[in-house]
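Q: This is run.tsv, which holds TSV, C-alpha atoms and all ligand atoms:
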```
chain	number	residue	atom	x	y	z
F	1	THR	CA	-12.36	-19.85	-19.23
F	2	THR	CA	-15.06	-17.94	-17.45
F	3	MET	CA	-16.81	-19.32	-14.43
F	4	LYS	CA	-18.94	-16.32	-13.63
F	5	THR	CA	-22.38	-17.06	-12.27
F	6	THR	CA	-25.05	-15.43	-14.40
F	7	ASP	CA	-28.12	-15.18	-12.17
F	8	ASN	CA	-27.95	-11.62	-10.94
F	9	GLY	CA	-28.33	-10.85	-7.30
F	10	SER	CA	-28.12	-14.49	-6.28
F	11	GLY	CA	-24.90	-13.98	-4.36
F	12	ASP	CA	-25.98	-11.03	-2.22
F	13	VAL	CA	-25.46	-11.70	1.46
F	14	ARG	CA	-27.96	-9.84	3.59
F	15	LEU	CA	-27.76	-9.81	7.37
F	16	SER	CA	-30.75	-8.26	9.14
F	17	GLY	CA	-30.58	-7.54	12.84
F	18	ILE	CA	-28.30	-10.49	13.32
F	19	SER	CA	-26.74	-10.87	16.75
F	20	LYS	CA	-25.00	-13.43	18.93
F	21	THR	CA	-24.94	-13.62	22.69
F	22	TYR	CA	-23.23	-16.18	24.92
F	23	GLY	CA	-24.99	-16.00	28.26
F	24	SER	CA	-24.74	-12.36	29.29
F	25	PHE	CA	-21.89	-11.64	26.84
F	26	THR	CA	-22.72	-10.10	23.48
F	27	ALA	CA	-20.23	-11.22	20.84
F	28	VAL	CA	-22.12	-9.54	17.97
F	29	HIS	CA	-24.57	-6.69	18.51
F	30	PRO	CA	-27.57	-6.50	16.16
F	31	LEU	CA	-26.04	-6.00	12.75
F	32	ASP	CA	-27.48	-4.99	9.39
F	33	LEU	CA	-25.18	-5.56	6.48
F	34	THR	CA	-25.48	-6.21	2.76
F	35	VAL	CA	-22.62	-7.67	0.77
F	36	PRO	CA	-23.39	-7.22	-2.93
F	37	GLN	CA	-23.10	-10.13	-5.37
F	38	GLY	CA	-19.64	-10.43	-6.83
F	39	SER	CA	-17.85	-8.21	-4.35
F	40	PHE	CA	-14.79	-8.93	-2.26
F	41	PHE	CA	-15.82	-8.01	1.25
F	42	ALA	CA	-13.56	-7.99	4.31
F	43	LEU	CA	-14.55	-8.16	7.96
F	44	LEU	CA	-11.62	-6.51	9.69
F	45	GLY	CA	-10.92	-6.19	13.39
F	46	ALA	CA	-8.77	-7.15	16.33
F	47	SER	CA	-9.00	-10.50	18.05
F	48	GLY	CA	-12.32	-11.02	19.80
F	49	CYS	CA	-14.29	-8.31	17.95
F	50	GLY	CA	-16.84	-10.78	16.60
F	51	LYS	CA	-15.75	-11.15	12.98
F	52	THR	CA	-15.42	-14.94	13.04
F	53	THR	CA	-18.77	-15.29	14.80
F	54	THR	CA	-20.35	-13.15	12.06
F	55	LEU	CA	-18.78	-15.29	9.35
F	56	ARG	CA	-19.88	-18.49	11.08
F	57	MET	CA	-23.46	-17.22	11.22
F	58	ILE	CA	-23.36	-16.72	7.45
F	59	ALA	CA	-21.98	-20.24	7.04
F	60	GLY	CA	-24.58	-21.74	9.37
F	61	LEU	CA	-21.92	-22.99	11.76
F	62	GLU	CA	-23.24	-20.71	14.49
F	63	GLU	CA	-26.90	-20.11	15.23
F	64	PRO	CA	-27.78	-16.40	15.57
F	65	SER	CA	-29.46	-15.30	18.79
F	66	ALA	CA	-31.67	-13.00	16.70
F	67	GLY	CA	-32.01	-11.81	13.13
F	68	THR	CA	-31.92	-13.38	9.69
F	69	VAL	CA	-29.42	-14.32	6.99
F	70	HIS	CA	-30.45	-14.08	3.35
F	71	LEU	CA	-28.44	-15.32	0.40
F	72	GLY	CA	-29.97	-13.67	-2.61
F	73	ASP	CA	-33.72	-14.02	-2.16
F	74	GLN	CA	-33.46	-17.06	0.04
F	75	ASP	CA	-33.79	-16.91	3.83
F	76	VAL	CA	-31.18	-19.43	4.95
F	77	THR	CA	-31.33	-18.68	8.67
F	78	ALA	CA	-32.78	-22.09	9.52
F	79	LEU	CA	-30.73	-24.10	7.02
F	80	PRO	CA	-27.82	-26.28	8.12
F	81	PRO	CA	-24.42	-25.39	6.62
F	82	TYR	CA	-24.41	-28.08	3.94
F	83	LYS	CA	-27.74	-26.87	2.55
F	84	ARG	CA	-26.49	-23.30	2.12
F	85	PRO	CA	-24.95	-22.26	-1.20
F	86	VAL	CA	-21.77	-21.22	0.61
F	87	ASN	CA	-18.45	-22.81	1.37
F	88	THR	CA	-15.74	-21.90	3.84
F	89	VAL	CA	-11.95	-21.90	3.66
F	90	PHE	CA	-10.28	-22.00	7.05
F	91	GLN	CA	-6.77	-21.16	8.17
F	92	SER	CA	-6.16	-24.85	8.87
F	93	TYR	CA	-7.03	-26.02	5.40
F	94	ALA	CA	-7.17	-29.71	6.41
F	95	LEU	CA	-6.57	-31.32	3.04
F	96	PHE	CA	-6.92	-35.10	2.90
F	97	PRO	CA	-3.30	-36.20	3.30
F	98	HIS	CA	-3.68	-39.58	1.60
F	99	LEU	CA	-5.42	-38.16	-1.50
F	100	ASP	CA	-3.53	-36.40	-4.27
F	101	ILE	CA	-4.33	-32.82	-5.24
F	102	PHE	CA	-6.68	-33.84	-8.04
F	103	GLU	CA	-8.71	-36.07	-5.71
F	104	ASN	CA	-8.75	-33.46	-2.96
F	105	VAL	CA	-10.36	-31.02	-5.37
F	106	ALA	CA	-12.63	-33.68	-6.90
F	107	PHE	CA	-13.94	-34.71	-3.48
F	108	GLY	CA	-16.96	-32.42	-3.41
F	109	LEU	CA	-18.07	-33.55	-6.87
F	110	ARG	CA	-17.64	-37.25	-6.13
F	111	ARG	CA	-19.59	-36.90	-2.91
F	112	ARG	CA	-22.49	-35.57	-4.94
F	113	GLY	CA	-22.27	-38.66	-7.12
F	114	ILE	CA	-20.85	-36.88	-10.14
F	115	LYS	CA	-18.87	-39.37	-12.26
F	116	SER	CA	-17.11	-37.32	-14.93
F	117	VAL	CA	-15.10	-34.87	-12.89
F	118	LYS	CA	-11.93	-34.56	-15.00
F	119	LYS	CA	-12.72	-31.40	-16.93
F	120	GLN	CA	-14.10	-29.51	-13.94
F	121	VAL	CA	-11.20	-30.43	-11.68
F	122	GLU	CA	-8.64	-29.56	-14.34
F	123	ASP	CA	-10.27	-26.19	-14.96
F	124	MET	CA	-10.27	-25.50	-11.26
F	125	LEU	CA	-6.61	-26.48	-10.87
F	126	GLU	CA	-5.85	-24.21	-13.80
F	127	LEU	CA	-7.68	-21.36	-12.06
F	128	VAL	CA	-5.51	-21.68	-8.97
F	129	GLN	CA	-2.42	-22.32	-11.13
F	130	LEU	CA	-1.76	-25.83	-9.88
F	131	GLY	CA	-2.30	-27.69	-13.15
F	132	GLU	CA	1.16	-29.22	-12.90
F	133	GLN	CA	0.72	-30.43	-9.34
F	134	ALA	CA	-2.38	-32.60	-9.79
F	135	ARG	CA	-0.73	-35.89	-8.87
F	136	LYS	CA	1.21	-34.67	-5.85
F	137	LYS	CA	0.17	-35.28	-2.27
F	138	PRO	CA	-0.53	-32.26	-0.03
F	139	HIS	CA	2.71	-32.69	1.96
F	140	GLN	CA	4.69	-32.24	-1.27
F	141	LEU	CA	3.31	-28.71	-1.72
F	142	SER	CA	4.26	-25.41	-0.11
F	143	GLY	CA	1.92	-23.73	2.38
F	144	GLY	CA	0.71	-21.29	-0.26
F	145	GLN	CA	0.05	-24.06	-2.75
F	146	GLN	CA	-1.85	-26.06	-0.14
F	147	GLN	CA	-3.98	-23.02	0.59
F	148	ARG	CA	-4.78	-22.71	-3.11
F	149	VAL	CA	-5.87	-26.37	-3.15
F	150	ALA	CA	-8.20	-25.55	-0.27
F	151	VAL	CA	-9.66	-22.67	-2.28
F	152	ALA	CA	-10.09	-24.89	-5.36
F	153	ARG	CA	-11.76	-27.56	-3.22
F	154	ALA	CA	-14.15	-24.99	-1.78
F	155	LEU	CA	-15.01	-23.55	-5.21
F	156	ILE	CA	-15.57	-26.82	-7.07
F	157	ASN	CA	-19.27	-27.02	-6.23
F	158	HIS	CA	-19.84	-23.43	-7.39
F	159	PRO	CA	-20.97	-21.88	-4.12
F	160	LYS	CA	-22.63	-18.50	-4.47
F	161	VAL	CA	-20.50	-17.18	-1.64
F	162	LEU	CA	-17.04	-18.16	-0.50
F	163	LEU	CA	-16.24	-17.45	3.14
F	164	LEU	CA	-12.60	-17.16	4.12
F	165	ASP	CA	-11.63	-17.27	7.79
F	166	GLU	CA	-8.07	-15.93	8.18
F	167	PRO	CA	-7.02	-18.20	5.30
F	168	LEU	CA	-3.54	-16.71	5.08
F	169	GLY	CA	-2.86	-16.60	8.81
F	170	ALA	CA	-0.43	-19.51	8.78
F	171	LEU	CA	1.73	-18.17	5.96
F	172	ASP	CA	4.86	-16.07	6.28
F	173	LEU	CA	4.68	-12.43	5.30
F	174	LYS	CA	6.06	-12.70	1.77
F	175	LEU	CA	3.81	-15.61	0.87
F	176	ARG	CA	0.86	-13.84	2.45
F	177	ARG	CA	1.38	-10.89	0.15
F	178	GLN	CA	1.55	-13.13	-2.92
F	179	MET	CA	-1.56	-15.01	-1.85
F	180	GLN	CA	-3.47	-11.77	-1.27
F	181	LEU	CA	-3.01	-10.85	-4.91
F	182	GLU	CA	-3.69	-14.42	-5.96
F	183	LEU	CA	-6.99	-14.62	-4.07
F	184	LYS	CA	-8.01	-11.27	-5.50
F	185	ARG	CA	-7.31	-12.54	-9.01
F	186	ILE	CA	-9.28	-15.75	-8.40
F	187	GLN	CA	-12.22	-13.79	-7.03
F	188	THR	CA	-12.24	-11.47	-10.04
F	189	GLU	CA	-12.10	-14.45	-12.37
F	190	VAL	CA	-14.90	-16.49	-10.79
F	191	GLY	CA	-16.97	-13.39	-10.02
F	192	ILE	CA	-18.61	-14.81	-6.88
F	193	THR	CA	-18.97	-13.05	-3.55
F	194	PHE	CA	-16.02	-13.47	-1.18
F	195	VAL	CA	-16.36	-12.63	2.50
F	196	HIS	CA	-12.93	-12.58	4.09
F	197	VAL	CA	-12.15	-12.36	7.80
F	198	THR	CA	-8.83	-10.86	8.83
F	199	HIS	CA	-7.19	-8.89	11.63
F	200	ASP	CA	-4.59	-7.53	9.19
F	201	GLN	CA	-5.52	-4.08	7.95
F	202	GLU	CA	-3.09	-4.17	5.06
F	203	GLU	CA	-4.55	-7.47	3.90
F	204	ALA	CA	-8.09	-6.11	4.00
F	205	MET	CA	-7.04	-2.94	2.18
F	206	THR	CA	-5.17	-4.86	-0.53
F	207	MET	CA	-7.92	-7.32	-1.34
F	208	ALA	CA	-11.33	-5.97	-0.54
F	209	ASP	CA	-13.71	-3.71	-2.47
F	210	THR	CA	-15.51	-3.01	0.78
F	211	VAL	CA	-14.23	-3.33	4.33
F	212	ALA	CA	-16.33	-3.49	7.50
F	213	VAL	CA	-14.20	-2.44	10.46
F	214	MET	CA	-15.46	-4.25	13.56
F	215	ASN	CA	-14.84	-3.31	17.17
F	216	ALA	CA	-16.35	-4.93	20.25
F	217	GLY	CA	-19.14	-6.70	18.36
F	218	ARG	CA	-20.16	-3.74	16.19
F	219	VAL	CA	-19.32	-2.48	12.73
F	220	GLU	CA	-17.66	0.89	13.36
F	221	GLN	CA	-17.42	1.88	9.74
F	222	LEU	CA	-18.05	0.40	6.32
F	223	GLY	CA	-16.52	1.62	3.12
F	224	SER	CA	-13.95	1.24	0.39
F	225	PRO	CA	-10.35	1.02	1.61
F	226	ALA	CA	-9.64	4.54	0.31
F	227	ASP	CA	-12.74	5.95	1.96
F	228	LEU	CA	-11.91	4.39	5.33
F	229	TYR	CA	-8.38	5.70	5.13
F	230	GLU	CA	-9.21	9.20	3.92
F	231	ASN	CA	-12.39	9.71	5.94
F	232	PRO	CA	-12.28	7.75	9.18
F	233	GLN	CA	-15.39	8.45	11.25
F	234	THR	CA	-14.16	7.28	14.63
F	235	THR	CA	-10.88	7.37	16.51
F	236	PHE	CA	-10.85	3.58	16.47
F	237	VAL	CA	-10.90	3.47	12.67
F	238	ALA	CA	-8.45	6.39	12.43
F	239	ASN	CA	-5.95	4.48	14.55
F	240	PHE	CA	-6.67	0.94	13.38
F	241	LEU	CA	-6.08	1.73	9.71
F	242	GLY	CA	-2.67	3.31	9.54
F	243	THR	CA	-1.43	6.11	11.77
F	244	SER	CA	-3.34	9.28	12.52
F	245	ASN	CA	-2.18	12.39	14.31
F	246	LEU	CA	-5.02	13.69	16.45
F	247	ILE	CA	-5.14	17.23	17.80
F	248	GLU	CA	-7.64	18.39	20.42
F	249	ALA	CA	-9.40	21.45	19.08
F	250	GLU	CA	-12.47	23.56	19.66
F	251	VAL	CA	-14.90	24.83	17.04
F	252	ASP	CA	-14.58	28.61	16.66
F	253	THR	CA	-16.51	29.74	13.57
F	254	LYS	CA	-17.63	28.63	10.14
F	255	SER	CA	-16.31	30.09	6.94
F	256	GLY	CA	-18.16	28.94	3.84
F	257	ASP	CA	-17.85	25.15	3.64
F	258	ASP	CA	-15.08	25.12	6.22
F	259	ILE	CA	-14.95	25.03	9.98
F	260	VAL	CA	-12.32	27.08	11.76
F	261	LEU	CA	-11.03	25.58	14.99
F	262	LYS	CA	-8.82	26.78	17.81
F	263	ALA	CA	-5.95	24.55	18.85
F	264	GLY	CA	-3.16	25.52	21.21
F	265	GLY	CA	-3.28	29.23	20.45
F	266	GLY	CA	-3.39	28.72	16.67
F	267	LYS	CA	-6.17	27.88	14.24
F	268	LEU	CA	-6.91	24.94	12.02
F	269	VAL	CA	-9.29	24.72	9.06
F	270	LEU	CA	-11.33	21.68	8.14
F	271	PRO	CA	-13.97	21.13	5.43
F	272	GLU	CA	-17.27	20.66	7.25
F	273	ALA	CA	-18.03	17.62	5.07
F	274	ARG	CA	-15.00	15.87	6.53
F	275	CYS	CA	-16.07	16.30	10.15
F	276	SER	CA	-18.06	13.56	11.88
F	277	ALA	CA	-18.36	15.58	15.11
F	278	PRO	CA	-21.01	18.20	15.89
F	279	THR	CA	-19.79	21.57	14.59
F	280	THR	CA	-21.49	24.02	16.93
F	281	ALA	CA	-19.23	26.75	18.29
F	282	GLY	CA	-17.37	25.64	21.40
F	283	GLY	CA	-17.70	21.92	20.50
F	284	LYS	CA	-14.68	19.70	20.98
F	285	VAL	CA	-13.26	18.05	17.86
F	286	LEU	CA	-10.27	15.79	17.35
F	287	VAL	CA	-8.60	17.11	14.24
F	288	GLY	CA	-6.80	14.37	12.34
F	289	VAL	CA	-4.15	14.27	9.65
F	290	ARG	CA	-2.17	11.36	8.21
F	291	PRO	CA	1.62	11.48	8.66
F	292	GLU	CA	2.34	11.37	4.91
F	293	LYS	CA	0.15	14.41	4.18
F	294	ILE	CA	2.32	16.73	6.24
F	295	SER	CA	5.20	18.89	5.11
F	296	LEU	CA	7.96	19.84	7.44
F	297	VAL	CA	10.16	22.95	7.30
F	298	HIS	CA	12.68	24.47	9.62
F	299	ALA	CA	11.21	27.31	11.68
F	300	ASP	CA	13.52	29.77	9.88
F	301	ALA	CA	11.79	28.90	6.59
F	302	ALA	CA	8.25	29.33	7.90
F	303	GLY	CA	7.79	32.45	5.76
F	304	GLU	CA	7.76	30.28	2.64
F	305	ILE	CA	4.67	28.31	3.66
F	306	PRO	CA	1.64	29.18	1.51
F	307	GLU	CA	-1.23	31.03	3.20
F	308	ASN	CA	-4.00	28.47	3.09
F	309	ARG	CA	-2.27	25.65	4.96
F	310	ASN	CA	-2.93	24.27	8.41
F	311	ARG	CA	0.18	24.65	10.49
F	312	ILE	CA	1.55	23.87	13.91
F	313	THR	CA	4.93	24.50	15.44
F	314	GLY	CA	7.05	21.96	17.26
F	315	ARG	CA	10.47	20.47	17.80
F	316	ILE	CA	11.96	17.35	16.26
F	317	ALA	CA	12.21	14.61	18.90
F	318	HIS	CA	13.55	11.81	16.67
F	319	SER	CA	14.07	11.13	13.03
F	320	SER	CA	14.74	7.88	11.22
F	321	PHE	CA	15.66	7.42	7.61
F	322	ILE	CA	13.88	4.36	6.24
F	323	GLY	CA	14.74	4.56	2.55
F	324	VAL	CA	11.53	5.62	0.84
F	325	SER	CA	10.89	8.27	3.44
F	326	THR	CA	12.18	9.84	6.60
F	327	GLN	CA	10.01	9.49	9.66
F	328	TYR	CA	10.01	12.31	12.16
F	329	VAL	CA	8.46	12.39	15.58
F	330	ILE	CA	7.64	15.95	16.59
F	331	ASP	CA	6.89	17.28	20.05
F	332	SER	CA	4.39	20.06	19.94
F	333	GLN	CA	2.02	21.78	22.29
F	334	VAL	CA	-1.07	20.38	20.61
F	335	CYS	CA	0.00	16.78	20.12
F	336	PRO	CA	2.74	15.05	22.10
F	337	GLU	CA	4.07	12.64	19.47
F	338	PHE	CA	3.22	14.01	16.09
F	339	GLU	CA	4.34	11.66	13.32
F	340	VAL	CA	5.45	12.92	9.96
F	341	TYR	CA	6.55	10.73	7.03
F	342	ALA	CA	8.39	13.00	4.69
F	343	GLN	CA	8.95	11.78	1.15
F	344	ASN	CA	10.54	13.67	-1.67
F	345	ILE	CA	11.44	16.62	0.47
F	346	GLU	CA	14.80	18.08	-0.23
F	347	ARG	CA	17.06	16.94	2.49
F	348	ASP	CA	17.48	19.88	4.78
F	349	ALA	CA	20.53	19.46	7.01
F	350	ARG	CA	18.81	21.55	9.66
F	351	LEU	CA	16.04	18.98	10.18
F	352	VAL	CA	17.69	17.13	13.05
F	353	PRO	CA	16.53	16.29	16.57
F	354	GLY	CA	16.17	19.45	18.64
F	355	ALA	CA	15.40	21.67	15.64
F	356	ASP	CA	12.39	23.98	15.79
F	357	VAL	CA	10.06	23.23	12.90
F	358	VAL	CA	6.72	24.11	11.39
F	359	LEU	CA	4.42	21.36	10.15
F	360	HIS	CA	1.89	22.29	7.50
F	361	TRP	CA	-0.73	20.48	5.43
F	362	SER	CA	-3.79	21.11	3.32
F	363	PRO	CA	-7.19	21.54	4.98
F	364	ALA	CA	-8.45	19.06	2.34
F	365	HIS	CA	-6.40	16.33	4.03
F	366	THR	CA	-7.78	17.09	7.45
F	367	PHE	CA	-10.60	15.15	9.12
F	368	GLY	CA	-12.59	15.82	12.26
F	369	LEU	CA	-13.69	13.23	14.83
F	370	ASP	CA	-16.05	13.42	17.75
F	371	ALA	CA	-13.89	13.81	20.85
F	372	ALA	CA	-16.76	12.67	23.06
F	373	GLN	CA	-17.68	9.45	21.25
F	374	ASP	CA	-15.67	6.93	23.29
O	401	LIG	P1	-10.30	-13.95	16.56
O	401	LIG	O1	-9.61	-13.25	15.46
O	401	LIG	O2	-9.46	-14.06	17.81
O	401	LIG	O3	-10.96	-15.24	16.18
O	401	LIG	P2	-12.86	-12.70	16.34
O	401	LIG	O4	-12.99	-11.26	16.07
O	401	LIG	O5	-13.07	-13.60	15.21
O	401	LIG	O6	-11.47	-12.99	17.02
O	401	LIG	P3	-14.93	-14.16	17.59
O	401	LIG	O7	-14.29	-15.49	17.44
O	401	LIG	O8	-16.05	-13.84	16.71
O	401	LIG	O9	-13.86	-13.02	17.51
O	401	LIG	O10	-15.40	-14.02	19.10
O	401	LIG	C1	-16.05	-12.86	19.58
O	401	LIG	C2	-16.20	-12.94	21.07
O	401	LIG	O11	-17.10	-13.98	21.43
O	401	LIG	C3	-14.90	-13.24	21.80
O	401	LIG	O12	-14.83	-12.42	22.93
O	401	LIG	C4	-15.03	-14.69	22.18
O	401	LIG	O13	-14.33	-14.96	23.37
O	401	LIG	C5	-16.51	-14.86	22.35
O	401	LIG	N1	-16.94	-16.23	22.03
O	401	LIG	C6	-16.80	-16.85	20.85
O	401	LIG	N2	-17.31	-18.10	20.88
O	401	LIG	C7	-17.78	-18.28	22.13
O	401	LIG	C8	-18.44	-19.37	22.82
O	401	LIG	N3	-18.73	-20.50	22.20
O	401	LIG	N4	-18.79	-19.17	24.09
O	401	LIG	C9	-18.55	-18.00	24.72
O	401	LIG	N5	-17.93	-16.94	24.15
O	401	LIG	C10	-17.55	-17.08	22.87
```
Let me see the file written as structure tokens.
Ligand code: ATP

A:
Amino acid sequence: TTMKTTDNGSGDVRLSGISKTYGSFTAVHPLDLTVPQGSFFALLGASGCGKTTTLRMIAGLEEPSAGTVHLGDQDVTALPPYKRPVNTVFQSYALFPHLDIFENVAFGLRRRGIKSVKKQVEDMLELVQLGEQARKKPHQLSGGQQQRVAVARALINHPKVLLLDEPLGALDLKLRRQMQLELKRIQTEVGITFVHVTHDQEEAMTMADTVAVMNAGRVEQLGSPADLYENPQTTFVANFLGTSNLIEAEVDTKSGDDIVLKAGGGKLVLPEARCSAPTTAGGKVLVGVRPEKISLVHADAAGEIPENRNRITGRIAHSSFIGVSTQYVIDSQVCPEFEVYAQNIERDARLVPGADVVLHWSPAHTFGLDAAQD
């Protein structure tokens, strides 16, 4: 069964200069954002960053202080929520306790006066894999199943956009993970635009095609999960998505497509394309590298490191074996708590706390941030 909407472009969400102020406090600074039809889009950020307010302005539950909301070609800024072709799933899914699952899902159709609902409701229950549960009451279902009923109920009227406000927030971790994959599958199957609000970076990365990382009422960076992870543009994004080691460095010279930087008496190389800071000589850059991109060798084996690697020296402060990898914390002159996740390295008995080591990694896995931006 395919439920894809066919009218192209109709599910684009376009925010133009949209903002929200409460008195003198700005919850959302003027924001321009386009969510393409059919994509799974996540608004990601810590509590209070403005993501829910943004979502509620799309839904019509919050009136923008300025700017417009378009759904497809339609300017919906002045429309009340029920006249917008969107529906919202909240964390508190508030199913009708006295109605069975079938009737909970049928509700939106019946309210519109539609008499023959059976086929549509059954198809929808099939989509969320609750075909067998149709005659149960909400309290007889698990939290994850109840959340799927809420999704089915929200999709039954074929909204062009489904908004999800921390829908998995009440579930335990294991169920959350299952539901992330489940929601992704449902979105792919129905093909409509999903805009999902979450504070959980792993959740956003797992589900979304595009993630907008929000901080203090602004979108700091927008991109695919891989792009945000590999090429963070700000220290906030570098630290919010996973762990980054950041080294204070100074631009020395350029060499072809690379920048050469000075850091703690040594040098580091960085492709210019991966640097979001100004690259004039003498400029300060935070040089970043992810912990899993780094190799670690005992100082005595430093001679075996290939030429073209970035390297720094340090001393192991702690190590912890966590099964898939060993995590090391390294004290070095250029970065006080350098984290290294070593996988698949041969276990070297010398790599114990107190040992002198050399860390090395490829310039291609190095990124540069503007040290002066915050
Ligand atoms: P959370 O995950 O905690 O819901 P959020 O990122 O979704 O956080 P918002 O709910 O969008 O954040 O709120 C953004 C900011 O606006 C917060 O600082 C909040 O206190 C403030 N805010 C929200 N609603 C109001 C209101 N009605 N009056 C005044 N300030 C508000």

Q: Let me make sure I understand: among F:Ala154, F:Cys49, F:Ala66, F:Ala281, which one has the smallest atom-to-atom distance to ligand LIG 401 (chain O) if we use all atoms listed in the file?

A: F:Cys49

Q: Give the residue list for ligand LIG 401 (chain O) at 10 Å, counting all atoms listed in the file, as a PyMOL selection string, sorted by chain and then by residue number.

A: chain F and resi 20-28+43-57+62+165-166+197-200+214-217

Q: When you count only C-alpha atoms, which of these residues is closest to Ile259 of chain F: F:Asp300, F:Pro232, F:Asp348, F:Thr366?

A: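 When distances to Ile259 of chain F are compared using only C-alpha atoms, the smallest one comes from F:Thr366.
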
Q: Report, in Å with one decimal, the straight-line distance from atom CA of His298 of chain F to atom CA of Ala355 of chain F.

A: 7.2 Å

Q: Restricting the calculation to only C-alpha atoms: of F:Val190, F:Ile247, F:Ser224, F:Asp252, which residue gets closest to Gly368 of chain F?

A: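 Nearest to Gly368 of chain F: F:Ile247.
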
Q: Mind checking which residues fall within 6 Å of segment 301-318 of chain F, counting all atoms listed in the file, ignoring those fewer than 6 positions away in the same chain, and posting them as a PyMOL selection string?

A: chain F and resi 268+328-332+353-362

Q: What does the file look like for those residues with C-alpha atoms, as a CSV table (one decimal), keeping the file's coordinate frame?

A:
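Output file part_35.csv follows:
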```csv
chain,number,residue,atom,x,y,z
F,268,LEU,CA,-6.9,24.9,12.0
F,328,TYR,CA,10.0,12.3,12.2
F,329,VAL,CA,8.5,12.4,15.6
F,330,ILE,CA,7.6,16.0,16.6
F,331,ASP,CA,6.9,17.3,20.0
F,332,SER,CA,4.4,20.1,19.9
F,353,PRO,CA,16.5,16.3,16.6
F,354,GLY,CA,16.2,19.4,18.6
F,355,ALA,CA,15.4,21.7,15.6
F,356,ASP,CA,12.4,24.0,15.8
F,357,VAL,CA,10.1,23.2,12.9
F,358,VAL,CA,6.7,24.1,11.4
F,359,LEU,CA,4.4,21.4,10.2
F,360,HIS,CA,1.9,22.3,7.5
F,361,TRP,CA,-0.7,20.5,5.4
F,362,SER,CA,-3.8,21.1,3.3
```

Q: So, with all atoms listed in the file as the atoms that count, which of F:Glu189, F:Glu292, F:Glu220, F:Asp209 lies closest to His29 of chain F?

A: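 Selected residue with least distance to His29 of chain F: F:Glu220.
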
Q: To one decimal place, how far is atom CA of Ala152 of chain F from atom CA of Ile114 of chain F in Å?

A: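 Interatomic distance, atom CA of Ala152 of chain F to atom CA of Ile114 of chain F: 16.8 Å.
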
Q: Determine the nearest neighbour of Glu182 of chain F from the options F:Lys262, F:Arg110, F:Arg218, F:Arg148, counting all atoms listed in the file.

A: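 Checking each of F:Lys262, F:Arg110, F:Arg218, F:Arg148 against Glu182 of chain F, counting all atoms listed in the file, the winner is F:Arg148.
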
Q: Check the smallest atom-to-atom distance from each of F:Ser255, F:Gln343, F:Ser10, F:Ser19 to Ile294 of chain F using only C-alpha atoms, then report the winner.

A: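 Among the listed residues, the smallest separation from Ile294 of chain F belongs to F:Gln343.
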
Q: If I only have part of segment 186-197 of chain F, can you fill in N, CA and C atoms and write it as a PDB file, in the coordinates of the input?

A:
```
ATOM      1  N   ILE F 186      -8.316 -14.641  -8.308  1.00  0.00           N
ATOM      2  CA  ILE F 186      -9.280 -15.750  -8.400  1.00  0.00           C
ATOM      3  C   ILE F 186     -10.701 -15.221  -8.233  1.00  0.00           C
ATOM      4  N   GLN F 187     -10.880 -14.337  -7.269  1.00  0.00           N
ATOM      5  CA  GLN F 187     -12.220 -13.790  -7.030  1.00  0.00           C
ATOM      6  C   GLN F 187     -12.728 -13.036  -8.257  1.00  0.00           C
ATOM      7  N   THR F 188     -11.853 -12.230  -8.857  1.00  0.00           N
ATOM      8  CA  THR F 188     -12.240 -11.470 -10.040  1.00  0.00           C
ATOM      9  C   THR F 188     -12.619 -12.423 -11.171  1.00  0.00           C
ATOM     10  N   GLU F 189     -11.853 -13.506 -11.291  1.00  0.00           N
ATOM     11  CA  GLU F 189     -12.100 -14.450 -12.370  1.00  0.00           C
ATOM     12  C   GLU F 189     -13.411 -15.214 -12.193  1.00  0.00           C
ATOM     13  N   VAL F 190     -13.672 -15.714 -10.987  1.00  0.00           N
ATOM     14  CA  VAL F 190     -14.900 -16.490 -10.790  1.00  0.00           C
ATOM     15  C   VAL F 190     -16.111 -15.587 -10.579  1.00  0.00           C
ATOM     16  N   GLY F 191     -15.876 -14.356 -10.126  1.00  0.00           N
ATOM     17  CA  GLY F 191     -16.970 -13.390 -10.020  1.00  0.00           C
ATOM     18  C   GLY F 191     -17.976 -13.674  -8.915  1.00  0.00           C
ATOM     19  N   ILE F 192     -17.661 -14.579  -7.975  1.00  0.00           N
ATOM     20  CA  ILE F 192     -18.610 -14.810  -6.880  1.00  0.00           C
ATOM     21  C   ILE F 192     -18.236 -13.941  -5.686  1.00  0.00           C
ATOM     22  N   THR F 193     -19.157 -13.872  -4.746  1.00  0.00           N
ATOM     23  CA  THR F 193     -18.970 -13.050  -3.550  1.00  0.00           C
ATOM     24  C   THR F 193     -17.972 -13.731  -2.613  1.00  0.00           C
ATOM     25  N   PHE F 194     -16.962 -12.976  -2.197  1.00  0.00           N
ATOM     26  CA  PHE F 194     -16.020 -13.470  -1.180  1.00  0.00           C
ATOM     27  C   PHE F 194     -16.219 -12.643   0.087  1.00  0.00           C
ATOM     28  N   VAL F 195     -16.356 -13.326   1.206  1.00  0.00           N
ATOM     29  CA  VAL F 195     -16.360 -12.630   2.500  1.00  0.00           C
ATOM     30  C   VAL F 195     -15.158 -13.138   3.282  1.00  0.00           C
ATOM     31  N   HIS F 196     -14.252 -12.224   3.592  1.00  0.00           N
ATOM     32  CA  HIS F 196     -12.930 -12.580   4.090  1.00  0.00           C
ATOM     33  C   HIS F 196     -12.742 -11.989   5.482  1.00  0.00           C
ATOM     34  N   VAL F 197     -12.402 -12.825   6.436  1.00  0.00           N
ATOM     35  CA  VAL F 197     -12.150 -12.360   7.800  1.00  0.00           C
ATOM     36  C   VAL F 197     -10.659 -12.200   8.035  1.00  0.00           C
TER      37      VAL F 197
END
```
